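Below is the file run-v7.cif, which contains mmCIF, C-alpha atoms.
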```
data_my_file
loop_
_atom_site.label_atom_id
_atom_site.label_comp_id
_atom_site.auth_asym_id
_atom_site.auth_seq_id
_atom_site.Cartn_x
_atom_site.Cartn_y
_atom_site.Cartn_z
CA HIS A 16 -12.79 -24.92 -0.11
CA MET A 17 -11.25 -25.10 3.37
CA VAL A 18 -7.49 -25.43 3.69
CA ASN A 19 -6.41 -28.61 5.47
CA ARG A 20 -3.57 -27.30 7.58
CA LYS A 21 -2.05 -30.62 8.67
CA SER A 22 -1.96 -32.08 5.17
CA HIS A 23 0.14 -29.18 3.88
CA LEU A 24 2.65 -28.65 6.69
CA VAL A 25 6.17 -29.75 5.86
CA ARG A 26 9.12 -30.99 7.87
CA LEU A 27 12.52 -30.89 6.24
CA SER A 28 15.68 -32.71 7.26
CA VAL A 29 18.66 -30.58 8.24
CA GLN A 30 22.34 -31.35 8.11
CA PRO A 31 24.09 -29.58 11.03
CA ARG A 32 26.88 -28.17 8.83
CA ALA A 33 24.64 -26.98 6.01
CA PHE A 34 24.24 -23.50 7.49
CA THR A 35 25.35 -21.10 4.77
CA SER A 36 24.42 -17.66 6.02
CA GLY A 37 28.04 -16.75 6.70
CA LEU A 38 27.90 -17.09 10.50
CA ASP A 39 30.12 -19.61 12.28
CA ASP A 40 28.37 -22.00 14.68
CA ASP A 41 30.07 -20.39 17.69
CA GLU A 42 29.89 -16.81 16.46
CA GLN A 43 28.37 -14.32 18.87
CA ALA A 44 26.33 -11.23 18.05
CA VAL A 45 28.00 -9.07 15.42
CA PHE A 46 28.21 -5.29 15.41
CA VAL A 47 28.69 -3.82 11.94
CA SER A 48 28.97 -0.23 10.80
CA ASP A 49 30.53 1.69 7.95
CA ASN A 50 32.50 4.91 7.86
CA ASN A 51 30.20 6.82 5.56
CA ASN A 52 29.44 10.13 7.26
CA ASN A 53 27.10 11.74 4.75
CA ASN A 54 24.18 12.14 7.14
CA ASN A 55 21.09 13.57 5.51
CA ASN A 56 19.51 15.77 8.15
CA GLU A 57 17.23 17.54 5.69
CA ASN A 58 14.75 14.67 6.04
CA LYS A 59 15.06 14.50 9.82
CA ALA A 60 11.59 13.81 11.22
CA PRO A 61 10.38 15.69 14.29
CA SER A 62 9.91 12.43 16.22
CA LYS A 63 12.56 9.86 17.02
CA LEU A 64 13.26 6.29 15.90
CA ASP A 65 16.15 4.60 17.65
CA PHE A 66 16.03 1.09 16.19
CA PHE A 67 14.32 -1.07 13.60
CA VAL A 68 13.96 -4.86 13.90
CA ALA A 69 14.06 -5.59 10.17
CA GLY A 70 13.87 -9.37 9.87
CA PHE A 71 14.07 -12.08 8.92
CA PRO A 72 10.62 -13.75 9.27
CA LYS A 73 10.45 -16.66 11.74
CA CYS A 74 13.75 -15.57 13.28
CA GLY A 75 12.50 -14.39 16.67
CA THR A 76 11.29 -10.89 15.81
CA THR A 77 8.09 -11.43 17.82
CA SER A 78 10.13 -12.52 20.83
CA LEU A 79 12.04 -9.25 20.52
CA LEU A 80 8.77 -7.33 20.26
CA TYR A 81 7.57 -8.79 23.57
CA ALA A 82 10.92 -8.19 25.25
CA PHE A 83 11.16 -4.56 24.17
CA ASP A 84 7.50 -3.88 24.87
CA ALA A 85 8.11 -4.99 28.47
CA HIS A 86 11.42 -3.15 28.92
CA ASN A 87 11.33 0.00 31.03
CA GLU A 88 13.65 1.93 28.71
CA THR A 89 12.06 1.16 25.34
CA ALA A 90 8.88 2.31 23.63
CA PHE A 91 8.28 -0.40 21.06
CA ALA A 92 5.32 -0.55 18.67
CA PRO A 93 3.06 -3.41 19.88
CA ARG A 94 2.45 -4.71 16.34
CA GLU A 95 4.33 -5.17 13.10
CA TYR A 96 4.92 -1.90 11.26
CA CYS A 97 5.51 -2.99 7.66
CA GLU A 98 3.87 0.14 6.23
CA ILE A 99 7.41 1.47 6.14
CA ASN A 100 7.98 -0.69 3.03
CA ALA A 101 4.91 0.53 1.11
CA GLY A 102 6.47 1.20 -2.27
CA ALA A 103 3.31 2.61 -3.85
CA THR A 104 2.95 5.29 -1.16
CA LYS A 105 4.88 8.57 -1.28
CA ASP A 106 7.83 8.82 1.10
CA HIS A 107 6.55 11.88 2.97
CA GLU A 108 3.16 10.24 3.58
CA VAL A 109 4.76 7.11 5.01
CA MET A 110 7.18 9.07 7.20
CA ASP A 111 4.55 11.54 8.41
CA LYS A 112 2.42 8.61 9.57
CA LEU A 113 5.42 6.95 11.22
CA SER A 114 6.34 10.22 12.94
CA LYS A 115 2.88 10.55 14.45
CA THR A 116 2.87 6.89 15.49
CA LEU A 117 6.24 7.22 17.21
CA SER A 118 5.26 10.43 19.00
CA GLN A 119 2.08 8.84 20.32
CA LEU A 120 3.93 5.68 21.29
CA HIS A 121 6.65 7.59 23.12
CA GLU A 122 4.20 9.78 25.03
CA SER A 123 2.06 6.79 25.99
CA LYS A 124 5.01 4.78 27.28
CA LYS A 125 6.57 7.79 29.00
CA SER A 126 3.38 8.54 30.92
CA ASN A 127 3.18 4.92 32.03
CA ARG A 128 6.82 4.61 33.03
CA GLY A 129 7.82 8.14 33.90
CA ASN A 130 10.93 7.90 31.74
CA ALA A 131 11.83 10.74 29.37
CA THR A 132 14.75 8.90 27.69
CA LEU A 133 12.96 5.96 26.09
CA LYS A 134 14.47 4.27 23.05
CA THR A 135 11.78 3.98 20.38
CA GLY A 136 11.57 1.04 17.98
CA ILE A 137 9.46 -0.76 15.40
CA LYS A 138 9.62 -4.14 13.72
CA CYS A 139 8.80 -5.60 10.32
CA PRO A 140 9.88 -9.22 9.75
CA THR A 141 10.24 -8.56 6.01
CA GLY A 142 11.88 -5.17 6.47
CA ILE A 143 15.16 -6.41 5.00
CA ARG A 144 13.45 -7.90 1.91
CA SER A 145 13.13 -4.46 0.34
CA THR A 146 15.44 -1.48 0.73
CA VAL A 147 12.51 0.95 0.51
CA GLY A 148 11.83 1.07 4.26
CA ILE A 149 15.46 0.99 5.32
CA SER A 150 16.28 3.81 2.88
CA ARG A 151 13.44 5.93 4.25
CA ILE A 152 14.54 5.35 7.83
CA SER A 153 18.22 6.04 7.14
CA LYS A 154 17.31 9.43 5.61
CA ALA A 155 14.85 10.52 8.29
CA TYR A 156 16.62 8.95 11.27
CA PRO A 157 20.33 8.63 10.37
CA ASP A 158 21.23 7.53 13.90
CA ALA A 159 18.70 4.67 13.96
CA LYS A 160 20.07 1.14 14.33
CA LEU A 161 19.11 -2.14 12.70
CA ILE A 162 18.57 -5.49 14.40
CA ILE A 163 18.49 -8.49 12.07
CA GLY A 164 18.01 -12.16 12.97
CA VAL A 165 18.78 -15.26 10.92
CA ARG A 166 18.44 -19.03 11.38
CA HIS A 167 19.39 -22.18 9.48
CA PRO A 168 18.05 -21.60 5.93
CA VAL A 169 16.26 -24.96 5.80
CA LEU A 170 14.54 -24.39 9.15
CA PHE A 171 13.70 -20.86 8.04
CA PHE A 172 12.01 -22.13 4.88
CA GLN A 173 10.15 -24.86 6.79
CA SER A 174 8.91 -22.51 9.51
CA PHE A 175 7.90 -19.72 7.10
CA PHE A 176 6.05 -22.13 4.79
CA ASN A 177 4.17 -23.75 7.69
CA TYR A 178 3.34 -20.32 9.09
CA ARG A 179 1.75 -19.26 5.81
CA VAL A 180 -0.29 -22.48 5.68
CA THR A 181 -1.49 -21.99 9.26
CA GLU A 182 -2.27 -18.34 8.52
CA MET A 183 -4.51 -19.38 5.62
CA HIS A 184 -6.24 -21.96 7.81
CA ASP A 185 -6.86 -19.44 10.60
CA LYS A 186 -8.23 -16.86 8.15
CA LYS A 187 -10.45 -19.51 6.49
CA GLU A 188 -9.41 -18.30 3.05
CA LYS A 189 -11.85 -19.66 0.47
CA GLY A 190 -10.47 -21.28 -2.64
CA ALA A 191 -6.93 -21.14 -1.24
CA VAL A 192 -4.43 -23.41 -2.96
CA VAL A 193 -1.23 -24.35 -1.18
CA PRO A 194 1.64 -25.03 -3.60
CA SER A 195 4.05 -27.88 -3.09
CA ALA A 196 7.05 -26.74 -1.06
CA GLU A 197 9.30 -28.28 -3.73
CA THR A 198 8.07 -25.73 -6.29
CA LEU A 199 9.15 -22.68 -4.29
CA VAL A 200 12.68 -22.66 -5.62
CA GLY A 201 14.61 -19.61 -6.74
CA SER A 202 12.46 -16.64 -7.66
CA ASN A 203 9.25 -18.72 -7.65
CA ASP A 204 7.66 -17.61 -4.38
CA TRP A 205 4.33 -17.97 -2.60
CA LYS A 206 3.40 -15.32 -0.03
CA ALA A 207 7.12 -14.37 0.03
CA VAL A 208 8.15 -17.99 0.78
CA SER A 209 10.98 -19.21 -1.46
CA THR A 210 14.48 -20.60 -1.26
CA ASN A 211 15.75 -17.23 -2.50
CA PHE A 212 14.55 -15.53 0.67
CA ALA A 213 16.66 -18.00 2.68
CA GLN A 214 19.81 -16.71 0.97
CA TYR A 215 20.38 -14.05 3.59
CA GLU A 216 23.65 -12.84 2.13
CA TYR A 217 21.96 -11.12 -0.82
CA TYR A 218 19.67 -9.11 1.47
CA LEU A 219 22.51 -8.21 3.82
CA MET A 220 24.64 -7.08 0.86
CA GLN A 221 22.04 -4.39 0.20
CA LEU A 222 23.14 -2.59 3.37
CA GLY A 223 26.53 -1.76 1.85
CA LYS A 224 28.50 -2.74 4.93
CA THR A 225 31.06 -4.88 3.07
CA SER A 226 33.00 -4.52 -0.16
CA LEU A 227 31.31 -6.23 -3.11
CA SER A 228 32.84 -7.55 -6.29
CA SER A 229 31.41 -6.53 -9.66
CA LYS A 230 30.05 -10.07 -9.95
CA GLN A 231 28.17 -9.72 -6.65
CA VAL A 232 26.77 -6.33 -7.64
CA LYS A 233 25.59 -7.81 -10.93
CA GLU A 234 23.98 -10.76 -9.15
CA LEU A 235 22.18 -8.35 -6.82
CA GLY A 236 20.82 -6.51 -9.85
CA ASN A 237 19.71 -9.78 -11.43
CA ARG A 238 17.70 -10.45 -8.26
CA GLY A 239 16.10 -7.02 -8.33
CA ARG A 240 18.23 -5.82 -5.41
CA GLN A 241 20.47 -2.80 -4.96
CA VAL A 242 22.98 -1.47 -2.47
CA VAL A 243 21.64 1.35 -0.28
CA PRO A 244 24.55 2.44 1.94
CA SER A 245 23.80 4.26 5.18
CA ASN A 246 25.28 5.06 8.58
CA MET A 247 22.93 2.62 10.30
CA LYS A 248 24.75 0.23 12.61
CA VAL A 249 23.65 -3.41 12.44
CA PHE A 250 23.24 -6.00 15.21
CA LEU A 251 23.17 -9.48 13.66
CA TYR A 252 22.07 -12.52 15.66
CA THR A 253 20.96 -16.11 15.18
CA ILE A 254 17.70 -17.45 16.61
CA GLU A 255 19.72 -19.95 18.65
CA GLN A 256 21.04 -17.02 20.68
CA LEU A 257 17.50 -16.03 21.66
CA GLU A 258 16.82 -19.59 22.76
CA ASP A 259 20.17 -20.22 24.46
CA ALA A 260 19.67 -22.24 27.66
CA ASN A 261 23.20 -21.52 28.86
CA GLU A 262 22.82 -18.71 31.40
CA ILE A 263 26.32 -17.32 30.91
CA SER A 264 26.27 -17.07 27.10
CA SER A 265 22.63 -15.95 27.14
CA MET A 266 23.46 -13.13 29.54
CA LYS A 267 26.46 -12.10 27.39
CA PHE A 268 24.26 -11.97 24.30
CA ARG A 269 21.59 -9.87 26.05
CA ASN A 270 24.27 -7.56 27.43
CA ASP A 271 25.65 -7.13 23.91
CA MET A 272 22.20 -6.11 22.69
CA LYS A 273 21.69 -3.83 25.68
CA SER A 274 25.01 -2.10 24.97
CA PHE A 275 24.22 -1.80 21.26
CA LEU A 276 20.94 -0.02 22.01
CA GLY A 277 22.40 2.14 24.77
CA LEU A 278 20.17 0.72 27.51
CA GLU A 279 21.07 0.68 31.18
CA GLN A 280 18.67 -1.93 32.52
CA GLU A 281 19.03 -5.63 31.81
CA ILE A 282 17.12 -7.22 28.95
CA LYS A 283 15.32 -10.21 30.44
CA PRO A 284 15.44 -13.67 28.80
CA PHE A 285 13.41 -13.67 25.61
CA PRO A 286 9.97 -15.30 25.54
CA HIS A 287 9.54 -17.95 22.86
CA ASP A 288 6.61 -17.29 20.58
CA ASN A 289 5.56 -18.48 17.14
CA VAL A 290 8.98 -19.59 15.90
#
```
Structure translated into C-alpha cells:
Amino acid sequence: HMVNRKSHLVRLSVQPRAFTSGLDDDEQAVFVSDNNNNNNNENKAPSKLDFFVAGFPKCGTTSLLYAFDAHNETAFAPREYCEINAGATKDHEVMDKLSKTLSQLHESKKSNRGNATLKTGIKCPTGIRSTVGISRISKAYPDAKLIIGVRHPVLFFQSFFNYRVTEMHDKKEKGAVVPSAETLVGSNDWKAVSTNFAQYEYYLMQLGKTSLSSKQVKELGNRGRQVVPSNMKVFLYTIEQLEDANEISSMKFRNDMKSFLGLEQEIKPFPHDNV
C-alpha cells in the first residue's frame, strides 16, 4: 500500500494572537541562565561540546545546521545527532561515542580552516522532548549552551504532521496508515506528532530555569516529565527571527546569537530549508 502524500497533508487556520508559547510578538532572542554552580566535572569528557541545538522540530534547526556548518569558527555535526537521547543505551557508551565524534569533527574542521579555537556543536530537533540527552550533556560538558527554537503551535503541528507524511511517502513505507490529524490530541501521538508536543512550556520547564509551583511540578509528572536543573545557558528564538526580512532586526538577532556563542565573525543570514 503506497502512501498518497497529497491526500494526507493538512493546512490549518491560524489566528494571529493565538500564540501561547509565552513569547511576545515583538520579543527578541532571550538569554536565560540560573545561578546553580554545582558543576559536575567528574564526568567531564576529554573532547569538547560548546552548544546543542535541542529543538523544536520544524523550527529552523536545519537552517542553523547549514549556517554553523559554513561558519569559520564552528565545527558542527553535518547531520542530526539524536543518539544523545538513546534511553536504552548506557550513559558512558553514548558519551564515549559522542566524544569520539566531536574529536574527529573538530580535527577535520580545524585542518580545513586552520582554526584551533572552533566552537563545536550538534543538533537534535527532538532533543528537548526528553531530558536524557540534556542531562548527559550537562554532566559531561557543564559549560555547553542550549539553542532552542519555537514557532506558532498550530503551524508547528501542521508542519511536523506534513513532514511525517512526506517522510513516509519518500521512504515508500508499505502498509503505512496515516491517522487523521484531529486524533493527535493530548498524549495520543503519531511519530511524535501531537498537540502536547506543541505545548512548549512543559518542555522548557524541564530545564529548571524558572520557579515552578507545586501544581506545575505535578502536571509535569503527570506528563512523564521532570525538572533537570543545570548550569546550561539557553538561547530561545522564534522561527520568524530566522526568516526576518528586515536587515536591521535580522542583524541584531544574528549578533545576539554570535555573542551568546562567543564567536567573533558574523553569522550570515540563515538559509531556509524544510520548514
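Shortest atom-to-atom contact with A:Ile152 among A:Gly190, A:Pro168, A:Gly136, A:Pro93: A:Gly136, counting only C-alpha atoms.
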Practice task
Rank A:Ala92, A:Val109, A:Ala101, A:Val165 by their smallest atom-to-atom distance to A:Pro72, using only C-alpha atoms, and report the top residue only.
Solution key: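 Comparing A:Ala92, A:Val109, A:Ala101, A:Val165 against A:Pro72, the winner is A:Val165.
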Exercise for the section: Would you work out the distance separating atom CA of A:Ser202 from atom CA of A:Ser145, expressed in Å to one decimal? Expected result: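 The value is 14.6 Å.
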Problem - atom CA of A:Phe71 to atom CA of A:Thr210, straight-line distance in Å - result: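 Rounded to one decimal, the two atoms are 13.3 Å apart.
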Problem - Proximity to A:Lys206 - best of A:Leu219, A:Ala82, A:Ala191, A:Ile254, all atoms listed in the file - result: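 Of the candidates, the smallest distance to A:Lys206 is held by A:Ala191.
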Handout entry: Atom-to-atom span, atom CA of A:Arg166 and atom CA of A:Glu255, Å
Key = 7.4 Å
Handout entry: Residue with smallest distance to A:Asn177 - pool A:Val208, A:Val249, A:Ile99, A:Lys160, counting all atoms listed in the file
Key = A:Val208
Exercise for the section: Name the residues captured by the PyMOL selection byres ((chain A and resi 150) around 12) when it is applied to the shown file; answer as a PyMOL selection string. Expected result: chain A and resi 55+58+67+99-102+106+110+142-143+145-149+151-157+159+161+221-223+241-247
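Within the 7 Å cut-off around stretch 259-270 of chain A, using all atoms listed in the file and omitting residues fewer than 3 positions from it on the same chain, the listed residues are Ala44, Glu255, Gln256, Lys273, Ser274 and Ile282 of chain A.
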So which residues touch A:Asn127 within 12 Å, counting only C-alpha atoms, skipping near sequence neighbours fewer than 4 positions away, as a PDB file with C-alpha atoms, in the frame of the given file?
```
ATOM      1  CA  ALA A  85       8.110  -4.990  28.470  1.00  0.00           C
ATOM      2  CA  HIS A  86      11.420  -3.150  28.920  1.00  0.00           C
ATOM      3  CA  ASN A  87      11.330   0.000  31.030  1.00  0.00           C
ATOM      4  CA  GLU A  88      13.650   1.930  28.710  1.00  0.00           C
ATOM      5  CA  THR A  89      12.060   1.160  25.340  1.00  0.00           C
ATOM      6  CA  ALA A  90       8.880   2.310  23.630  1.00  0.00           C
ATOM      7  CA  LEU A 120       3.930   5.680  21.290  1.00  0.00           C
ATOM      8  CA  HIS A 121       6.650   7.590  23.120  1.00  0.00           C
ATOM      9  CA  GLU A 122       4.200   9.780  25.030  1.00  0.00           C
ATOM     10  CA  SER A 123       2.060   6.790  25.990  1.00  0.00           C
ATOM     11  CA  ALA A 131      11.830  10.740  29.370  1.00  0.00           C
ATOM     12  CA  LEU A 133      12.960   5.960  26.090  1.00  0.00           C
TER      13      LEU A 133
END
```
Practice task
Check the smallest atom-to-atom distance from each of A:Ala196, A:Ile162, A:Asn211, A:Gly239 to A:Leu251 using all atoms listed in the file, then report the winner.
Solution key: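 Result for the nearest residue to A:Leu251: A:Ile162.
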Handout entry: Among listed residues A:Thr77, A:Thr132, A:Thr198, A:Ser62, nearest A:Thr116 (using only C-alpha atoms)
Key = A:Ser62
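Using all atoms listed in the file, the contacts of A:Phe285 at a cut-off of 8 Å, with sequence neighbours closer than 3 positions omitted, comprise Ser78, Leu79, Tyr81, Ala82, Leu257 and Glu258 of chain A.
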Taking every listed atom of stretch 227-239 of chain A and adding 3 Å to each side, what centre and edge lengths in Å (one decimal) does the axis-aligned box have, as AutoDock Vina command-line options?
```
--center_x 24.5 --center_y -8.5 --center_z -7.3 --size_x 22.7 --size_y 10.5 --size_z 14.3
```
